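Student: Take a look at target31.cif, mmCIF, C-alpha atoms:
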```
data_query
loop_
_atom_site.label_atom_id
_atom_site.label_comp_id
_atom_site.auth_asym_id
_atom_site.auth_seq_id
_atom_site.Cartn_x
_atom_site.Cartn_y
_atom_site.Cartn_z
CA MET A 161 4.36 7.43 19.57
CA ALA A 162 3.24 10.30 21.82
CA ASP A 163 -0.21 10.47 20.18
CA ALA A 164 -0.75 6.71 20.46
CA LYS A 165 0.32 6.73 24.11
CA ALA A 166 -1.94 9.67 24.92
CA PHE A 167 -4.90 8.02 23.14
CA ALA A 168 -4.33 4.74 25.03
CA ARG A 169 -3.72 6.63 28.30
CA ILE A 170 -0.24 5.19 28.74
CA GLY A 171 1.90 7.49 30.86
CA ALA A 172 4.99 5.37 31.47
CA ASP A 173 7.93 5.07 29.10
CA PHE A 174 8.91 1.49 29.97
CA ASP A 175 6.58 0.04 27.29
CA ASP A 176 7.79 2.28 24.46
CA ALA A 177 9.36 -0.65 22.58
CA LEU A 178 6.07 -2.55 22.77
CA ILE A 179 4.09 0.52 21.68
CA GLY A 180 6.45 0.93 18.71
CA ARG A 181 5.81 -2.68 17.64
CA LEU A 182 2.05 -2.20 18.07
CA ILE A 183 2.16 0.92 15.91
CA ALA A 184 4.04 -0.99 13.20
CA ALA A 185 1.52 -3.86 13.37
CA ALA A 186 -1.42 -1.43 13.26
CA ARG A 187 0.05 0.34 10.24
CA ALA A 188 0.55 -3.00 8.46
CA ARG A 189 -3.05 -4.04 9.17
CA ILE A 190 -4.48 -0.76 7.90
CA GLU A 191 -2.31 -0.89 4.79
CA ALA A 192 -3.43 -4.46 4.08
CA GLU A 193 -7.11 -3.61 4.54
CA THR A 194 -7.07 -0.39 2.50
CA GLY A 195 -4.30 -0.75 -0.07
CA MET A 196 -2.90 2.54 1.22
CA ALA A 197 0.80 3.05 1.97
CA LEU A 198 0.83 5.24 5.06
CA MET A 199 4.59 5.82 4.97
CA ARG A 200 6.48 6.83 1.81
CA ARG A 201 8.50 3.94 0.39
CA THR A 202 9.59 2.21 -2.81
CA LEU A 203 7.50 -0.74 -3.94
CA ARG A 204 7.97 -3.35 -6.65
CA LEU A 205 5.34 -5.25 -8.62
CA THR A 206 6.57 -8.29 -10.55
CA LEU A 207 4.44 -9.73 -13.35
CA ASN A 208 4.93 -12.71 -15.65
CA ASP A 209 3.23 -10.73 -18.44
CA TRP A 210 0.97 -7.72 -18.86
CA PRO A 211 -2.62 -8.56 -17.89
CA LEU A 212 -4.85 -8.81 -20.95
CA TYR A 213 -7.09 -5.99 -19.74
CA VAL A 214 -4.35 -3.33 -20.01
CA LEU A 215 -5.15 -2.85 -23.68
CA GLU A 216 -8.88 -2.32 -23.20
CA ARG A 217 -8.53 -0.26 -20.01
CA GLY A 218 -5.50 1.64 -21.25
CA GLY A 219 -3.54 1.17 -18.05
CA LEU A 220 -2.38 -1.05 -15.23
CA ARG A 221 -3.70 -0.16 -11.78
CA LEU A 222 -0.94 -0.34 -9.19
CA PRO A 223 -1.87 -2.17 -5.99
CA MET A 224 -0.61 0.34 -3.41
CA ARG A 225 -1.61 3.99 -3.23
CA PRO A 226 -1.22 6.96 -3.09
CA ALA A 227 1.47 6.82 -5.76
CA ALA A 228 3.99 9.61 -5.97
CA GLY A 229 6.27 8.65 -8.83
CA LEU A 230 7.39 5.98 -11.25
CA LEU A 231 10.96 4.84 -10.67
CA ALA A 232 11.49 2.03 -13.19
CA VAL A 233 9.86 -0.42 -15.56
CA ARG A 234 12.09 -3.21 -16.79
CA PHE A 235 12.03 -6.64 -18.33
CA THR A 236 14.33 -9.13 -16.64
CA ASP A 237 15.12 -12.81 -16.98
CA GLY A 238 17.17 -12.93 -13.79
CA GLU A 239 20.49 -12.44 -15.56
CA THR A 240 19.91 -9.48 -17.85
CA SER A 241 17.61 -6.50 -17.56
CA GLU A 242 16.12 -4.16 -20.17
CA ASP A 243 14.97 -0.74 -18.93
CA VAL A 244 11.75 0.39 -20.66
CA THR A 245 10.82 3.16 -18.20
CA SER A 246 10.93 5.81 -20.93
CA SER A 247 7.91 4.15 -22.60
CA PHE A 248 5.65 4.66 -19.58
CA GLU A 249 4.33 7.24 -17.16
CA LEU A 250 2.44 7.08 -13.90
CA GLU A 251 -0.95 8.62 -13.26
CA PRO A 252 -0.29 9.44 -9.59
CA GLY A 253 -2.72 9.84 -6.73
CA LEU A 254 -5.27 7.65 -4.99
CA SER A 255 -5.93 5.49 -8.08
CA PRO A 256 -2.47 5.17 -9.60
CA ARG A 257 -2.16 3.66 -13.07
CA LEU A 258 0.81 2.82 -15.22
CA ILE A 259 0.09 3.95 -18.78
CA PRO A 260 2.06 4.20 -22.01
CA LYS A 261 3.38 7.68 -22.75
CA PRO A 262 1.22 9.75 -25.10
CA PHE A 263 1.40 8.48 -28.66
CA GLY A 264 3.18 5.37 -27.34
CA ALA A 265 2.12 1.77 -27.08
CA TRP A 266 2.53 -1.07 -24.63
CA VAL A 267 6.02 -2.55 -24.80
CA TRP A 268 5.99 -6.34 -24.38
CA PRO A 269 8.68 -8.70 -23.07
CA ARG A 270 10.75 -10.25 -25.85
CA THR A 271 10.70 -13.80 -24.47
CA ILE A 272 8.47 -15.88 -22.21
CA HIS A 273 11.32 -16.02 -19.70
CA GLN A 274 11.32 -12.29 -19.04
CA LYS A 275 9.37 -10.90 -16.11
CA ILE A 276 8.10 -7.34 -15.82
CA GLU A 277 9.28 -5.35 -12.80
CA ILE A 278 7.60 -2.05 -11.92
CA ASP A 279 9.13 0.11 -9.19
CA TRP A 280 7.21 3.10 -7.88
CA GLU A 281 7.09 5.31 -4.84
CA ALA A 282 3.91 5.21 -2.77
CA GLY A 283 2.77 6.69 0.50
CA PHE A 284 2.15 10.00 2.19
CA ASP A 285 4.99 12.54 2.39
CA THR A 286 4.80 13.07 6.16
CA ALA A 287 2.86 11.69 9.10
CA SER A 288 0.79 14.88 9.17
CA ASP A 289 -0.39 14.14 5.59
CA VAL A 290 -2.00 10.83 6.63
CA PRO A 291 -5.79 11.30 6.83
CA GLU A 292 -7.01 11.67 10.40
CA ASP A 293 -9.44 8.74 10.23
CA LEU A 294 -6.58 6.39 9.29
CA VAL A 295 -4.50 7.75 12.18
CA HIS A 296 -7.50 7.24 14.48
CA ALA A 297 -7.82 3.63 13.29
CA MET A 298 -4.17 3.03 14.15
CA LYS A 299 -4.72 4.47 17.62
CA LEU A 300 -7.76 2.21 18.10
CA ILE A 301 -5.71 -0.87 17.28
CA VAL A 302 -2.78 0.14 19.49
CA ALA A 303 -5.01 0.98 22.48
CA PHE A 304 -7.10 -2.19 22.15
CA VAL A 305 -4.17 -4.58 21.76
CA TYR A 306 -2.18 -2.88 24.53
CA GLU A 307 -5.12 -3.03 26.92
CA GLN A 308 -5.99 -6.63 26.09
CA ARG A 309 -2.46 -8.07 25.80
CA GLY A 310 -2.17 -11.45 27.43
CA ASN A 311 -5.96 -11.85 27.67
CA SER A 312 -6.83 -14.68 25.26
CA ALA A 313 -10.54 -14.63 26.17
CA VAL A 314 -11.13 -11.19 24.60
CA SER A 315 -13.34 -10.91 21.53
CA HIS A 316 -11.97 -8.78 18.72
CA GLU A 317 -15.44 -8.25 17.23
CA ASP A 318 -15.88 -4.79 18.75
CA LEU A 319 -12.52 -3.64 17.43
CA SER A 320 -13.26 -5.14 14.01
CA ALA A 321 -16.62 -3.34 13.79
CA ARG A 322 -15.07 0.00 14.75
CA LEU A 323 -12.21 -0.49 12.28
CA HIS A 324 -14.60 -1.48 9.51
CA ALA A 325 -16.49 1.79 9.97
CA ALA A 326 -13.30 3.87 10.14
CA LEU A 327 -11.68 2.24 7.10
CA ARG A 328 -14.78 1.90 4.88
CA PRO A 329 -14.18 5.16 2.98
CA TRP A 330 -10.61 4.09 2.15
CA ARG A 331 -11.33 0.61 0.86
CA GLU A 332 -11.36 0.28 -2.90
CA VAL A 333 -14.39 -1.38 -4.37
CA GLN A 334 -13.49 -3.72 -7.21
CA LEU A 335 -16.14 -4.61 -9.73
#
```
Produce structure tokens that represent the structure in this file.
Tutor:
Amino acid sequence: MADAKAFARIGADFDDALIGRLIAAARARIEAETGMALMRRTLRLTLNDWPLYVLERGGLRLPMRPAAGLLAVRFTDGETSEDVTSSFELEPGLSPRLIPKPFGAWVWPRTIHQKIEIDWEAGFDTASDVPEDLVHAMKLIVAFVYEQRGNSAVSHEDLSARLHAALRPWREVQL
């Protein structure tokens, strides 16, 4: 909060609630554009079945990074649940992948009614661990939106160009 206010040159405390909401919105935008979880939290991916490519690629890439740890893998039909976590491990880091344990194989749902749920922990440990260019991008968004609030005639093209440059190194390229 203090860093965002200093960057935007906001000295008063009466807009702290608004600044807090702008920080949350900026974080959500950056996370959506980069696939990075800036704050540590538990996430769940639900699949109807394993994608066909997991066999040829040897793993399932998780959609939010950096990953810190695998919490659970289970098959569920809504009423019952089968825990299969012990069959898998997580390759953590900036390109997290769920893989079968060494000398193991992919475990498949028993019926077409079972869904696959994968729970993992993603995000940076502390705010000081977040890369500075991502923090700077958040400050850009907060300052721009705060300054231009209520002004519907403002073009967001300048902000978008600056954000694109700041976030480019963190975007994943998919081939």
Student: Write out as a list in words which residues come within 8 Å of Thr202 (chain A) when counting only C-alpha atoms, dropping same-chain ones fewer than 5 positions away.
Tutor: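 The contact residues come out as Asp279, Trp280, Glu281 and Ala282 of chain A.
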Student: Using only C-alpha atoms, which of the listed residues (A:Leu220, A:Leu205, A:Ala186, A:Met196) sits closest to Leu323 (chain A)?
Tutor: A:Ala186
Student: Let me have the centre and edge lengths of the axis-aligned box enclosing all listed atoms of region 300-308 of chain A with 4 Å padding on every side, in Å to one decimal, as AutoDock Vina command-line options.
Tutor:
```
--center_x -5.0 --center_y -2.2 --center_z 22.1 --size_x 13.6 --size_y 16.8 --size_z 17.6
```
Student: Using only C-alpha atoms, which residue out of A:Trp330, A:Trp266, A:Phe235, A:Phe248 lies closest to Pro291 (chain A)?
Tutor: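 Distance minimum relative to Pro291 (chain A) lands on A:Trp330.
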Student: Can you translate the PyMOL selection byres ((chain A and resi 254) around 8) into the concrete residues it hits in this file, as a list in words?
Tutor: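 Given this file, the PyMOL selection byres ((chain A and resi 254) around 8) evaluates to Arg225, Pro226, Ala227, Pro252, Gly253, Ser255 and Pro256 of chain A.
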Student: Just the selected residues (C-alpha atoms), exported as a PDB file, keeping the file's coordinate frame, please.
Tutor:
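Below is the file that was written, out-v6.pdb:
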```pdb
ATOM      1  CA  ARG A 225      -1.610   3.990  -3.230  1.00  0.00           C
ATOM      2  CA  PRO A 226      -1.220   6.960  -3.090  1.00  0.00           C
ATOM      3  CA  ALA A 227       1.470   6.820  -5.760  1.00  0.00           C
ATOM      4  CA  PRO A 252      -0.290   9.440  -9.590  1.00  0.00           C
ATOM      5  CA  GLY A 253      -2.720   9.840  -6.730  1.00  0.00           C
ATOM      6  CA  SER A 255      -5.930   5.490  -8.080  1.00  0.00           C
ATOM      7  CA  PRO A 256      -2.470   5.170  -9.600  1.00  0.00           C
TER       8      PRO A 256
END
```
Student: Between A:Arg169, A:Ile272, A:Leu230, A:Leu222, which has the minimum distance to Phe304 (chain A) (counting all atoms listed in the file)?
Tutor: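 Under the stated criterion, the closest residue is A:Arg169.
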Student: Given the file shown, enumerate the residues that the PyMOL selection byres ((chain A and resi 236) around 9) captures and present them as a VMD selection string.
Tutor: chain A and resid 234 to 235 237 to 243 269 273 to 277
